[in-house]
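So this block is model_14.cif, mmCIF, C-alpha atoms and all ligand atoms:
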data_protein
#
loop_
_atom_site.label_atom_id
_atom_site.label_comp_id
_atom_site.auth_asym_id
_atom_site.auth_seq_id
_atom_site.Cartn_x
_atom_site.Cartn_y
_atom_site.Cartn_z
CA MET A 1 16.79 -32.25 -7.81
CA ASN A 2 13.29 -32.36 -9.17
CA PHE A 3 10.90 -29.67 -8.05
CA ALA A 4 7.22 -29.15 -8.56
CA ASN A 5 6.35 -27.07 -11.62
CA ARG A 6 4.86 -24.38 -9.42
CA VAL A 7 8.27 -23.32 -8.11
CA THR A 8 10.49 -23.86 -11.14
CA GLY A 9 10.04 -20.36 -12.56
CA LEU A 10 10.38 -18.50 -9.25
CA GLU A 11 13.08 -15.88 -8.88
CA PRO A 12 13.95 -13.60 -5.95
CA GLU A 13 12.90 -9.95 -5.95
CA GLY A 14 15.58 -7.92 -7.78
CA ALA A 15 15.99 -5.56 -4.83
CA TYR A 16 17.39 -8.36 -2.65
CA VAL A 17 19.85 -9.37 -5.38
CA VAL A 18 21.16 -5.82 -5.82
CA LEU A 19 21.33 -5.32 -2.04
CA ALA A 20 23.55 -8.41 -1.71
CA HIS A 21 25.79 -7.15 -4.55
CA ALA A 22 25.98 -3.67 -2.96
CA GLN A 23 26.90 -5.15 0.43
CA GLN A 24 29.67 -7.15 -1.23
CA ILE A 25 31.07 -3.94 -2.72
CA GLU A 26 30.86 -2.23 0.68
CA LYS A 27 32.83 -5.09 2.22
CA GLU A 28 35.60 -4.24 -0.23
CA GLY A 29 35.74 -0.82 1.43
CA LYS A 30 33.83 1.24 -1.18
CA SER A 31 30.98 3.57 -0.27
CA VAL A 32 27.53 2.77 -1.64
CA ILE A 33 24.40 4.93 -1.52
CA HIS A 34 21.39 2.65 -1.14
CA LEU A 35 18.45 3.61 -3.33
CA GLU A 36 17.46 0.06 -4.22
CA ILE A 37 15.25 -1.21 -1.40
CA GLY A 38 11.67 0.09 -1.22
CA GLN A 39 11.29 0.89 2.42
CA PRO A 40 10.98 4.06 4.49
CA ASP A 41 14.24 5.27 6.01
CA PHE A 42 12.25 6.75 8.93
CA PRO A 43 11.88 4.82 12.18
CA THR A 44 8.47 3.33 12.95
CA VAL A 45 6.11 6.04 14.18
CA GLU A 46 6.93 6.40 17.89
CA ASN A 47 3.51 5.93 19.51
CA VAL A 48 3.15 2.76 17.41
CA SER A 49 6.47 1.31 18.59
CA THR A 50 5.58 2.14 22.18
CA ALA A 51 2.23 0.33 21.88
CA GLY A 52 3.98 -2.74 20.44
CA LYS A 53 6.63 -2.79 23.18
CA ARG A 54 4.02 -2.39 25.88
CA ALA A 55 2.06 -5.30 24.38
CA ILE A 56 5.12 -7.55 24.66
CA ASP A 57 5.60 -6.48 28.28
CA ASP A 58 1.93 -7.25 28.91
CA GLY A 59 2.49 -10.79 27.62
CA LEU A 60 0.58 -10.41 24.35
CA THR A 61 2.92 -12.84 22.62
CA ARG A 62 0.63 -15.76 21.83
CA TYR A 63 -1.57 -16.89 18.94
CA THR A 64 -4.55 -14.77 17.96
CA PRO A 65 -7.53 -15.66 15.72
CA SER A 66 -6.01 -16.29 12.28
CA ALA A 67 -8.04 -13.56 10.56
CA GLY A 68 -6.68 -11.08 13.12
CA LEU A 69 -7.78 -9.45 16.37
CA PRO A 70 -11.43 -8.37 16.12
CA GLU A 71 -10.48 -4.86 17.31
CA LEU A 72 -7.85 -4.51 14.58
CA ARG A 73 -10.19 -5.81 11.87
CA HIS A 74 -12.82 -3.37 13.08
CA SER A 75 -10.34 -0.44 13.04
CA ILE A 76 -9.23 -1.38 9.51
CA ALA A 77 -12.85 -1.47 8.34
CA GLU A 78 -13.56 1.94 9.91
CA ASP A 79 -10.40 3.45 8.44
CA ASN A 80 -11.23 2.17 4.96
CA LEU A 81 -14.77 3.46 5.28
CA SER A 82 -13.55 6.94 6.09
CA ARG A 83 -10.57 7.08 3.68
CA LYS A 84 -11.81 5.11 0.71
CA GLY A 85 -15.58 5.26 1.20
CA LEU A 86 -15.91 1.48 1.41
CA ASP A 87 -19.05 0.15 3.05
CA ILE A 88 -17.43 -2.78 4.85
CA THR A 89 -17.26 -4.40 8.27
CA ALA A 90 -14.63 -6.38 10.18
CA GLU A 91 -15.98 -9.53 8.46
CA ASN A 92 -14.52 -8.30 5.17
CA VAL A 93 -11.01 -7.95 6.61
CA VAL A 94 -8.31 -10.63 6.85
CA VAL A 95 -5.10 -9.61 8.61
CA GLY A 96 -1.75 -11.13 7.67
CA PRO A 97 1.98 -10.79 8.29
CA GLY A 98 2.61 -8.04 5.73
CA ALA A 99 0.66 -7.15 2.62
CA LYS A 100 2.12 -9.99 0.59
CA PRO A 101 -0.24 -12.67 2.03
CA SER A 102 -3.13 -10.54 0.76
CA LEU A 103 -1.73 -10.88 -2.73
CA PHE A 104 -0.84 -14.57 -2.56
CA PHE A 105 -3.75 -16.09 -0.66
CA PRO A 106 -6.66 -14.50 -2.59
CA THR A 107 -4.90 -15.54 -5.81
CA LEU A 108 -4.60 -19.12 -4.53
CA ALA A 109 -8.25 -19.03 -3.47
CA LEU A 110 -9.53 -17.79 -6.86
CA VAL A 111 -7.25 -18.89 -9.67
CA ASN A 112 -7.46 -22.40 -11.11
CA PRO A 113 -4.70 -23.86 -13.29
CA GLY A 114 -5.17 -22.46 -16.80
CA ASP A 115 -7.02 -19.30 -15.69
CA GLU A 116 -5.56 -16.10 -17.10
CA VAL A 117 -4.41 -13.33 -14.79
CA ILE A 118 -3.72 -9.83 -16.04
CA TYR A 119 -1.09 -7.80 -14.18
CA PRO A 120 1.03 -4.70 -14.68
CA ASN A 121 4.44 -4.91 -16.31
CA PRO A 122 6.67 -3.30 -15.11
CA GLY A 123 5.12 -4.35 -11.81
CA PHE A 124 5.81 -5.73 -8.34
CA PRO A 125 7.53 -9.13 -8.91
CA THR A 126 5.28 -10.98 -6.46
CA TYR A 127 2.39 -10.73 -8.94
CA GLU A 128 4.06 -13.01 -11.44
CA ALA A 129 5.25 -15.35 -8.67
CA MET A 130 1.80 -15.81 -7.16
CA ILE A 131 0.20 -16.39 -10.56
CA GLN A 132 2.77 -19.08 -11.33
CA VAL A 133 2.33 -20.79 -7.97
CA ALA A 134 -1.45 -20.82 -8.46
CA GLY A 135 -0.94 -22.43 -11.90
CA GLY A 136 -2.50 -19.45 -13.66
CA ILE A 137 -1.36 -18.02 -16.98
CA PRO A 138 0.45 -14.69 -16.49
CA VAL A 139 -0.80 -12.04 -18.93
CA PRO A 140 1.33 -8.89 -18.55
CA VAL A 141 -0.14 -5.53 -19.57
CA PRO A 142 2.46 -2.88 -20.47
CA LEU A 143 2.44 0.33 -18.47
CA SER A 144 3.22 3.22 -20.76
CA GLU A 145 5.26 6.28 -19.89
CA GLU A 146 3.02 8.43 -22.14
CA ASN A 147 0.10 7.33 -20.01
CA ASN A 148 1.67 8.30 -16.68
CA PHE A 149 2.54 4.62 -16.11
CA ALA A 150 -1.05 3.46 -15.91
CA PHE A 151 -2.28 0.46 -17.95
CA ASP A 152 -2.02 0.84 -21.70
CA LEU A 153 -5.80 0.48 -22.06
CA ASP A 154 -5.68 -0.50 -25.75
CA ALA A 155 -3.33 -3.37 -24.90
CA PHE A 156 -5.51 -4.25 -21.90
CA ASP A 157 -8.65 -4.43 -24.04
CA LYS A 158 -6.90 -6.79 -26.43
CA LEU A 159 -5.62 -9.09 -23.67
CA VAL A 160 -8.74 -9.45 -21.56
CA ASN A 161 -11.09 -12.27 -22.56
CA LYS A 162 -13.52 -14.84 -21.15
CA ASN A 163 -10.63 -16.80 -19.59
CA THR A 164 -9.50 -13.79 -17.55
CA ARG A 165 -10.15 -14.67 -13.93
CA LEU A 166 -8.26 -11.90 -12.17
CA ILE A 167 -7.00 -8.40 -13.02
CA VAL A 168 -4.22 -7.09 -10.78
CA ILE A 169 -3.73 -3.33 -10.55
CA ASN A 170 -1.37 -1.25 -8.41
CA SER A 171 -1.93 2.47 -7.96
CA PRO A 172 0.14 4.34 -6.85
CA GLY A 173 2.47 1.88 -8.47
CA ASN A 174 5.77 0.23 -7.80
CA PRO A 175 8.17 0.72 -9.65
CA SER A 176 6.96 3.87 -11.42
CA GLY A 177 5.05 5.92 -8.84
CA GLY A 178 2.29 6.19 -11.47
CA VAL A 179 -1.32 6.77 -10.40
CA PHE A 180 -4.30 5.46 -12.38
CA SER A 181 -6.79 8.15 -13.37
CA ARG A 182 -10.48 7.89 -12.48
CA SER A 183 -11.31 7.21 -16.12
CA ALA A 184 -8.74 4.37 -16.31
CA LEU A 185 -10.22 2.81 -13.16
CA GLU A 186 -13.74 3.19 -14.54
CA HIS A 187 -12.65 1.53 -17.77
CA ILE A 188 -11.07 -1.41 -15.91
CA SER A 189 -14.16 -1.74 -13.72
CA ARG A 190 -16.48 -1.87 -16.76
CA VAL A 191 -14.33 -4.50 -18.43
CA SER A 192 -14.08 -6.60 -15.25
CA MET A 193 -17.87 -6.67 -15.04
CA GLU A 194 -18.24 -7.50 -18.72
CA TYR A 195 -15.95 -10.54 -18.37
CA ASP A 196 -17.00 -11.37 -14.82
CA ALA A 197 -13.39 -11.11 -13.63
CA TRP A 198 -12.12 -10.31 -10.14
CA VAL A 199 -9.92 -7.29 -9.50
CA LEU A 200 -7.00 -7.41 -7.05
CA SER A 201 -6.14 -3.83 -6.22
CA ASP A 202 -2.77 -3.40 -4.50
CA GLU A 203 -3.24 -0.19 -2.51
CA ILE A 204 -0.17 -0.37 -0.28
CA TYR A 205 0.84 3.15 -1.38
CA SER A 206 -2.66 4.64 -1.06
CA ARG A 207 -1.57 7.06 1.69
CA MET A 208 1.29 8.27 -0.49
CA VAL A 209 -0.44 10.34 -3.15
CA TYR A 210 1.10 13.78 -3.78
CA GLU A 211 -1.63 15.48 -5.78
CA GLY A 212 -5.35 15.01 -5.35
CA GLN A 213 -7.22 12.27 -3.54
CA PHE A 214 -6.62 8.53 -3.67
CA LEU A 215 -9.39 6.64 -5.47
CA SER A 216 -10.00 2.93 -4.84
CA ILE A 217 -11.51 0.92 -7.67
CA ALA A 218 -13.55 -0.88 -4.99
CA SER A 219 -15.48 2.34 -4.35
CA LEU A 220 -16.82 2.44 -7.92
CA PRO A 221 -20.41 1.19 -8.36
CA GLY A 222 -20.71 -2.60 -8.27
CA MET A 223 -17.00 -3.18 -7.59
CA LEU A 224 -16.93 -4.00 -3.88
CA GLU A 225 -18.32 -7.47 -4.57
CA ARG A 226 -15.59 -8.34 -7.11
CA THR A 227 -12.54 -6.56 -5.66
CA ILE A 228 -9.86 -7.66 -3.24
CA ILE A 229 -7.86 -4.81 -1.75
CA CYS A 230 -4.34 -5.56 -0.61
CA ASP A 231 -3.01 -2.96 1.82
CA GLY A 232 -0.82 -2.77 4.88
CA PHE A 233 1.21 -0.86 7.41
CA SER A 234 4.74 -1.36 6.03
CA LYS A 235 5.05 1.83 4.00
CA THR A 236 2.56 4.22 5.60
CA PHE A 237 3.76 3.76 9.17
CA ALA A 238 7.35 2.71 8.40
CA MET A 239 6.69 -0.80 9.73
CA THR A 240 8.27 -3.08 7.10
CA GLY A 241 9.86 -5.41 9.66
CA TRP A 242 6.84 -5.67 11.94
CA ARG A 243 5.02 -7.63 9.22
CA LEU A 244 1.47 -6.36 9.21
CA GLY A 245 -0.96 -6.07 6.34
CA PHE A 246 -4.52 -6.93 5.40
CA GLY A 247 -6.89 -7.83 2.64
CA ILE A 248 -10.43 -6.50 2.17
CA MET A 249 -12.77 -8.74 0.21
CA PRO A 250 -16.29 -10.18 0.08
CA VAL A 251 -17.13 -12.24 3.17
CA ASP A 252 -17.26 -15.64 1.41
CA LEU A 253 -13.81 -15.11 -0.04
CA ALA A 254 -12.53 -13.79 3.31
CA TYR A 255 -13.61 -17.11 4.85
CA LYS A 256 -11.49 -19.11 2.35
CA VAL A 257 -8.52 -16.75 2.58
CA ASN A 258 -8.69 -17.05 6.36
CA LEU A 259 -8.40 -20.83 6.00
CA LEU A 260 -5.21 -20.35 3.97
CA VAL A 261 -3.84 -17.97 6.62
CA ASN A 262 -4.85 -20.48 9.29
CA HIS A 263 -2.96 -23.35 7.68
CA ALA A 264 -0.01 -21.52 6.12
CA VAL A 265 0.74 -18.87 8.73
CA GLY A 266 -1.36 -19.54 11.84
CA SER A 267 -1.76 -15.94 12.87
CA THR A 268 0.02 -12.60 12.83
CA ALA A 269 2.05 -11.64 15.93
CA HIS A 270 -0.28 -10.36 18.64
CA PHE A 271 1.92 -7.39 19.67
CA THR A 272 2.30 -6.36 16.03
CA GLN A 273 -1.47 -6.23 15.71
CA VAL A 274 -1.72 -4.11 18.88
CA ALA A 275 0.79 -1.73 17.31
CA GLY A 276 -1.42 -1.69 14.19
CA ILE A 277 -4.48 -0.66 16.24
CA GLU A 278 -2.48 2.26 17.62
CA ALA A 279 -1.22 3.14 14.12
CA LEU A 280 -4.77 3.52 12.82
CA ASN A 281 -6.36 5.16 15.84
CA GLY A 282 -3.47 7.27 17.15
CA PRO A 283 -2.25 10.65 15.86
CA GLN A 284 -1.54 10.82 12.12
CA VAL A 285 0.78 13.86 12.12
CA LEU A 286 3.95 11.84 11.57
CA VAL A 287 2.41 10.05 8.58
CA ASP A 288 1.60 13.43 7.01
CA GLU A 289 5.04 14.74 7.86
CA MET A 290 6.72 11.72 6.22
CA LEU A 291 4.71 12.35 3.05
CA ASN A 292 5.79 16.00 3.00
CA ARG A 293 9.40 14.96 3.37
CA TYR A 294 9.09 12.37 0.58
CA ARG A 295 7.67 15.11 -1.64
CA ILE A 296 10.72 17.34 -1.04
CA ARG A 297 13.03 14.40 -1.80
CA ARG A 298 11.06 13.52 -4.92
CA ASP A 299 11.34 17.06 -6.23
CA LEU A 300 15.08 17.19 -5.56
CA LEU A 301 15.68 13.81 -7.20
CA VAL A 302 13.50 14.32 -10.26
CA SER A 303 14.80 17.82 -11.04
CA GLY A 304 18.37 16.57 -10.54
CA LEU A 305 17.81 13.58 -12.82
CA ASN A 306 16.35 15.76 -15.54
CA LYS A 307 19.50 17.90 -15.46
CA ILE A 308 21.69 14.88 -16.27
CA PRO A 309 22.16 14.76 -20.06
CA GLY A 310 20.53 11.63 -21.48
CA ILE A 311 18.02 11.08 -18.65
CA SER A 312 14.38 12.09 -18.67
CA CYS A 313 12.17 11.48 -15.69
CA GLN A 314 8.47 12.10 -15.17
CA VAL A 315 7.31 13.46 -11.83
CA PRO A 316 5.88 10.44 -9.98
CA GLN A 317 2.43 11.13 -8.50
CA GLY A 318 2.66 8.65 -5.64
CA ALA A 319 4.75 6.12 -3.65
CA PHE A 320 8.48 6.85 -3.20
CA TYR A 321 9.99 5.73 -6.49
CA ALA A 322 11.29 7.59 -9.53
CA PHE A 323 11.45 5.71 -12.83
CA PRO A 324 13.78 7.60 -15.17
CA ASN A 325 14.03 6.81 -18.87
CA ILE A 326 17.63 5.95 -19.77
CA ARG A 327 17.11 4.70 -23.34
CA SER A 328 19.32 7.38 -24.88
CA PHE A 329 22.44 5.71 -23.44
CA GLY A 330 21.85 2.72 -25.72
CA LYS A 331 22.60 0.27 -22.89
CA SER A 332 20.32 -2.24 -21.22
CA SER A 333 18.92 -1.13 -17.88
CA GLN A 334 20.66 -4.12 -16.25
CA TRP A 335 24.02 -3.00 -17.67
CA LEU A 336 23.49 0.59 -16.58
CA ALA A 337 22.36 -0.36 -13.06
CA ASN A 338 25.51 -2.52 -12.65
CA TYR A 339 27.69 0.25 -14.03
CA LEU A 340 26.24 2.79 -11.60
CA LEU A 341 26.69 0.42 -8.67
CA GLU A 342 30.23 -0.60 -9.50
CA GLU A 343 31.56 2.69 -10.84
CA ALA A 344 29.52 5.31 -9.00
CA GLY A 345 28.59 3.44 -5.82
CA VAL A 346 24.87 4.08 -6.35
CA ALA A 347 22.61 1.06 -5.80
CA LEU A 348 19.37 1.20 -7.78
CA LEU A 349 17.34 -1.29 -9.78
CA PRO A 350 17.10 -2.00 -13.49
CA GLY A 351 13.55 -1.54 -14.79
CA THR A 352 13.70 -5.15 -15.96
CA SER A 353 13.61 -6.31 -12.31
CA PHE A 354 9.90 -5.55 -12.74
CA GLY A 355 9.38 -7.30 -16.06
CA GLU A 356 10.41 -7.01 -19.69
CA PHE A 357 8.49 -3.77 -20.30
CA GLY A 358 10.70 -2.10 -17.69
CA GLU A 359 13.58 -2.13 -20.19
CA GLY A 360 14.93 1.35 -20.78
CA PHE A 361 14.24 2.54 -17.20
CA LEU A 362 15.83 2.49 -13.75
CA ARG A 363 13.99 2.42 -10.44
CA ILE A 364 15.29 4.77 -7.79
CA CYS A 365 13.79 4.72 -4.29
CA TYR A 366 13.92 8.19 -2.77
CA ALA A 367 13.18 7.08 0.78
CA ALA A 368 16.68 8.37 1.54
CA SER A 369 18.16 11.53 3.07
CA LEU A 370 18.44 14.70 0.98
CA GLU A 371 22.19 14.52 1.47
CA ASN A 372 22.36 11.01 0.02
CA ILE A 373 20.11 11.95 -2.89
CA ARG A 374 22.35 14.94 -3.72
CA GLU A 375 25.48 12.80 -3.51
CA ALA A 376 23.90 10.06 -5.66
CA LEU A 377 22.94 12.64 -8.31
CA ASP A 378 26.52 14.01 -8.38
CA ARG A 379 27.99 10.54 -8.69
CA MET A 380 25.55 9.47 -11.40
CA GLY A 381 26.04 12.68 -13.39
CA GLU A 382 29.80 12.25 -13.34
CA LYS A 383 29.85 8.57 -14.36
CA LEU A 384 27.09 8.84 -16.97
CA ALA A 385 28.98 11.70 -18.64
CA GLN A 386 31.83 9.25 -19.25
CA LEU A 387 29.69 6.93 -21.39
C1 LIG B 1 3.40 -2.82 -4.65
C2 LIG B 1 3.73 -3.58 -3.42
N1 LIG B 1 2.83 -4.44 -2.93
C3 LIG B 1 3.09 -5.16 -1.82
C4 LIG B 1 4.27 -5.02 -1.13
C5 LIG B 1 4.52 -5.89 0.06
O1 LIG B 1 4.37 -5.22 1.28
P1 LIG B 1 4.69 -5.96 2.66
O2 LIG B 1 6.14 -5.74 2.93
O3 LIG B 1 3.80 -5.27 3.66
O4 LIG B 1 4.36 -7.40 2.52
C6 LIG B 1 5.24 -4.11 -1.60
C7 LIG B 1 6.53 -3.98 -0.91
O5 LIG B 1 7.51 -3.51 -1.45
C8 LIG B 1 4.96 -3.37 -2.78
O6 LIG B 1 5.83 -2.49 -3.28
#

Transcribe the structure of this file into structure tokens.
Ligand SMILES: Cc1ncc(COP(=O)(O)O)c(C=O)c1O
Amino acid sequence: MNFANRVTGLEPEGAYVVLAHAQQIEKEGKSVIHLEIGQPDFPTVENVSTAGKRAIDDGLTRYTPSAGLPELRHSIAEDNLSRKGLDITAENVVVGPGAKPSLFFPTLALVNPGDEVIYPNPGFPTYEAMIQVAGGIPVPVPLSEENNFAFDLDAFDKLVNKNTRLIVINSPGNPSGGVFSRSALEHISRVSMEYDAWVLSDEIYSRMVYEGQFLSIASLPGMLERTIICDGFSKTFAMTGWRLGFGIMPVDLAYKVNLLVNHAVGSTAHFTQVAGIEALNGPQVLVDEMLNRYRIRRDLLVSGLNKIPGISCQVPQGAFYAFPNIRSFGKSSQWLANYLLEEAGVALLPGTSFGEFGEGFLRICYAASLENIREALDRMGEKLAQL
């Protein structure tokens, strides 16, 4: 079959591929510990679920305005004013089913064929997919371990040029849990102004920062007018399956992105949006409690990994991923991830699922029980010792 160029290079997210492989192994009767998929293992925050269920009972099951319910857009604007210091209104907010539309649609609205788009590598696989679909030229910037998995700024400076239309950043980042420093964000903001490029800041893990305060690049002077923030409810409120996210952007761009939502999606489920209003305006204790529990799991996992001969792992500053360095084994990360799944029954991802610069690393999601993390560490230690 012949397909359009825009879809020929597309590949599925690695996590779905490993999940299918792990489920196959489970069908054969073997036990697998799942540390591959990046989603909270906690149930959706209870008051949020209740609000969503009540909305269904109240018949809120029809179309809504495609940019989202005015009350939700307003709550998102207020929340981002108080948490990130962004001077925005509901007009700047476009709601979508998940955060992914706020990556894809602004890219489609801004990038012309031949425009260059800078993005992190290793990075969330959707970045490369959306650049390809838009016809842009993907320009990966390596994230360096020495630099706490923020952009290698020397490499960045060499790659950015007058053809750069968009710079994608993700802090705290998937797959590394790295957080960009204020000085790195200031550097990127200066360069984006110099080359008149847009910045797409994926802030889906902004409520999952373990030390210090989250800083949005959009809050730096002059950046609000050239930044799109992608954010959502999936991780913070354990709502991956509800499909609720949003983009924050200048009003003119929001108008165009809304047209794409209108034609490609229609609108986001009404009851999901009602649940989102409750998530933002209701009590936040469970969100804080989840973060505390992730921190305990992170500490257990990272100290356990560092005790396994051959592995070294930095302490991730955000999100719920560890990204251990496994170069000393002299095997590709794909080989090692397969070995650990098949021999140890531990499902995790090769760093190369996030791009070529992920070689030499594994991604482990620690949104899992302490018991499972302990068991996974024992199994990995035993099987890695046999190499
Ligand atoms: C960095 C990053 N951005 C965006 C998303 C997409 O979030 P959603 O499921 O809300 O579309 C994810 C999900 O894993 C992610 O890790």

Can you write out as JSON lines which residues of chain A fall within 9 Å of ligand LIG 1 (chain B), alongside each residue's closest atom pair and its distance in Å to one decimal, counting all atoms listed in the file and ordering rows by chain and ascending residue number?
{"residue": "A:Ile37", "atom": "CA", "partner": "B:LIG1", "partner_atom": "O5", "distance": 8.1}
{"residue": "A:Gly38", "atom": "CA", "partner": "B:LIG1", "partner_atom": "O5", "distance": 5.5}
{"residue": "A:Gln39", "atom": "CA", "partner": "B:LIG1", "partner_atom": "O5", "distance": 7.0}
{"residue": "A:Gly96", "atom": "CA", "partner": "B:LIG1", "partner_atom": "O4", "distance": 8.8}
{"residue": "A:Pro97", "atom": "CA", "partner": "B:LIG1", "partner_atom": "O4", "distance": 7.1}
{"residue": "A:Gly98", "atom": "CA", "partner": "B:LIG1", "partner_atom": "O3", "distance": 3.7}
{"residue": "A:Ala99", "atom": "CA", "partner": "B:LIG1", "partner_atom": "O4", "distance": 3.7}
{"residue": "A:Lys100", "atom": "CA", "partner": "B:LIG1", "partner_atom": "O4", "distance": 3.9}
{"residue": "A:Pro101", "atom": "CA", "partner": "B:LIG1", "partner_atom": "O4", "distance": 7.0}
{"residue": "A:Ser102", "atom": "CA", "partner": "B:LIG1", "partner_atom": "O4", "distance": 8.3}
{"residue": "A:Leu103", "atom": "CA", "partner": "B:LIG1", "partner_atom": "C3", "distance": 7.5}
{"residue": "A:Gly123", "atom": "CA", "partner": "B:LIG1", "partner_atom": "C1", "distance": 7.5}
{"residue": "A:Phe124", "atom": "CA", "partner": "B:LIG1", "partner_atom": "C1", "distance": 5.3}
{"residue": "A:Pro125", "atom": "CA", "partner": "B:LIG1", "partner_atom": "C1", "distance": 8.7}
{"residue": "A:Thr126", "atom": "CA", "partner": "B:LIG1", "partner_atom": "C3", "distance": 7.8}
{"residue": "A:Tyr127", "atom": "CA", "partner": "B:LIG1", "partner_atom": "N1", "distance": 8.7}
{"residue": "A:Asn170", "atom": "CA", "partner": "B:LIG1", "partner_atom": "C1", "distance": 6.3}
{"residue": "A:Ser171", "atom": "CA", "partner": "B:LIG1", "partner_atom": "C1", "distance": 8.2}
{"residue": "A:Pro172", "atom": "CA", "partner": "B:LIG1", "partner_atom": "C1", "distance": 8.2}
{"residue": "A:Gly173", "atom": "CA", "partner": "B:LIG1", "partner_atom": "C1", "distance": 6.1}
{"residue": "A:Asn174", "atom": "CA", "partner": "B:LIG1", "partner_atom": "C1", "distance": 5.0}
{"residue": "A:Pro175", "atom": "CA", "partner": "B:LIG1", "partner_atom": "O6", "distance": 7.5}
{"residue": "A:Asp202", "atom": "CA", "partner": "B:LIG1", "partner_atom": "N1", "distance": 5.9}
{"residue": "A:Glu203", "atom": "CA", "partner": "B:LIG1", "partner_atom": "N1", "distance": 7.4}
{"residue": "A:Ile204", "atom": "CA", "partner": "B:LIG1", "partner_atom": "N1", "distance": 5.7}
{"residue": "A:Tyr205", "atom": "CA", "partner": "B:LIG1", "partner_atom": "C1", "distance": 7.3}
{"residue": "A:Cys230", "atom": "CA", "partner": "B:LIG1", "partner_atom": "C3", "distance": 7.5}
{"residue": "A:Asp231", "atom": "CA", "partner": "B:LIG1", "partner_atom": "O3", "distance": 7.4}
{"residue": "A:Gly232", "atom": "CA", "partner": "B:LIG1", "partner_atom": "O3", "distance": 5.4}
{"residue": "A:Phe233", "atom": "CA", "partner": "B:LIG1", "partner_atom": "O3", "distance": 6.3}
{"residue": "A:Ser234", "atom": "CA", "partner": "B:LIG1", "partner_atom": "O3", "distance": 4.7}
{"residue": "A:Lys235", "atom": "CA", "partner": "B:LIG1", "partner_atom": "O3", "distance": 7.2}
{"residue": "A:Met239", "atom": "CA", "partner": "B:LIG1", "partner_atom": "O3", "distance": 8.1}
{"residue": "A:Thr240", "atom": "CA", "partner": "B:LIG1", "partner_atom": "O2", "distance": 5.4}
{"residue": "A:Gly241", "atom": "CA", "partner": "B:LIG1", "partner_atom": "O2", "distance": 7.7}
{"residue": "A:Trp242", "atom": "CA", "partner": "B:LIG1", "partner_atom": "O3", "distance": 8.8}
{"residue": "A:Arg243", "atom": "CA", "partner": "B:LIG1", "partner_atom": "O3", "distance": 6.2}
{"residue": "A:Leu244", "atom": "CA", "partner": "B:LIG1", "partner_atom": "O3", "distance": 6.1}
{"residue": "A:Gly245", "atom": "CA", "partner": "B:LIG1", "partner_atom": "O3", "distance": 5.5}
{"residue": "A:Phe246", "atom": "CA", "partner": "B:LIG1", "partner_atom": "O3", "distance": 8.7}
{"residue": "A:Ala319", "atom": "CA", "partner": "B:LIG1", "partner_atom": "O6", "distance": 8.7}

| Among listed residues A:Leu253, A:Val139, A:Ala238, A:Leu348, nearest A:Met290 (using only C-alpha atoms) |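 The answer is A:Ala238, which sits nearest to A:Met290.
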
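With all atoms listed in the file as the basis for measurement, A:Lys256 is the residue among A:Arg295, A:Arg190, A:Lys256, A:Lys331 that approaches A:Ala109 most closely.
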
| said: Give me, as a VMD selection string, all polymer residues having an atom no more than 10 Å from A:Ser49, counting only C-alpha atoms and skipping those fewer than 5 positions away in the same chain. | reply: chain A and resid 43 to 44 54 to 55 239 242 271 to 272 274 to 276 278 to 279

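Using all atoms listed in the file, the nearest neighbour of A:Gln386 within the list A:Pro250, A:Gly114, A:Pro309, A:Gly52 is A:Pro309.
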
Write out N, CA and C atoms for stretch 177-185 of chain A, as a tab-separated table (two decimals), keeping the file's coordinate frame.
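Heads up, here's the output in out.tsv:
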chain	number	residue	atom	x	y	z
A	177	GLY	N	5.69	4.81	-9.55
A	177	GLY	CA	5.05	5.92	-8.84
A	177	GLY	C	3.84	6.45	-9.60
A	178	GLY	N	3.44	5.75	-10.68
A	178	GLY	CA	2.29	6.19	-11.47
A	178	GLY	C	0.96	5.99	-10.74
A	179	VAL	N	0.01	6.86	-11.02
A	179	VAL	CA	-1.32	6.77	-10.40
A	179	VAL	C	-2.35	6.63	-11.53
A	180	PHE	N	-3.25	5.66	-11.38
A	180	PHE	CA	-4.30	5.46	-12.38
A	180	PHE	C	-5.34	6.57	-12.26
A	181	SER	N	-5.77	7.10	-13.40
A	181	SER	CA	-6.79	8.15	-13.37
A	181	SER	C	-8.16	7.54	-13.07
A	182	ARG	N	-9.11	8.39	-12.70
A	182	ARG	CA	-10.48	7.89	-12.48
A	182	ARG	C	-10.99	7.21	-13.74
A	183	SER	N	-10.73	7.80	-14.90
A	183	SER	CA	-11.31	7.21	-16.12
A	183	SER	C	-10.67	5.84	-16.41
A	184	ALA	N	-9.37	5.69	-16.10
A	184	ALA	CA	-8.74	4.37	-16.31
A	184	ALA	C	-9.38	3.35	-15.36
A	185	LEU	N	-9.60	3.74	-14.12
A	185	LEU	CA	-10.22	2.81	-13.16
A	185	LEU	C	-11.64	2.46	-13.58
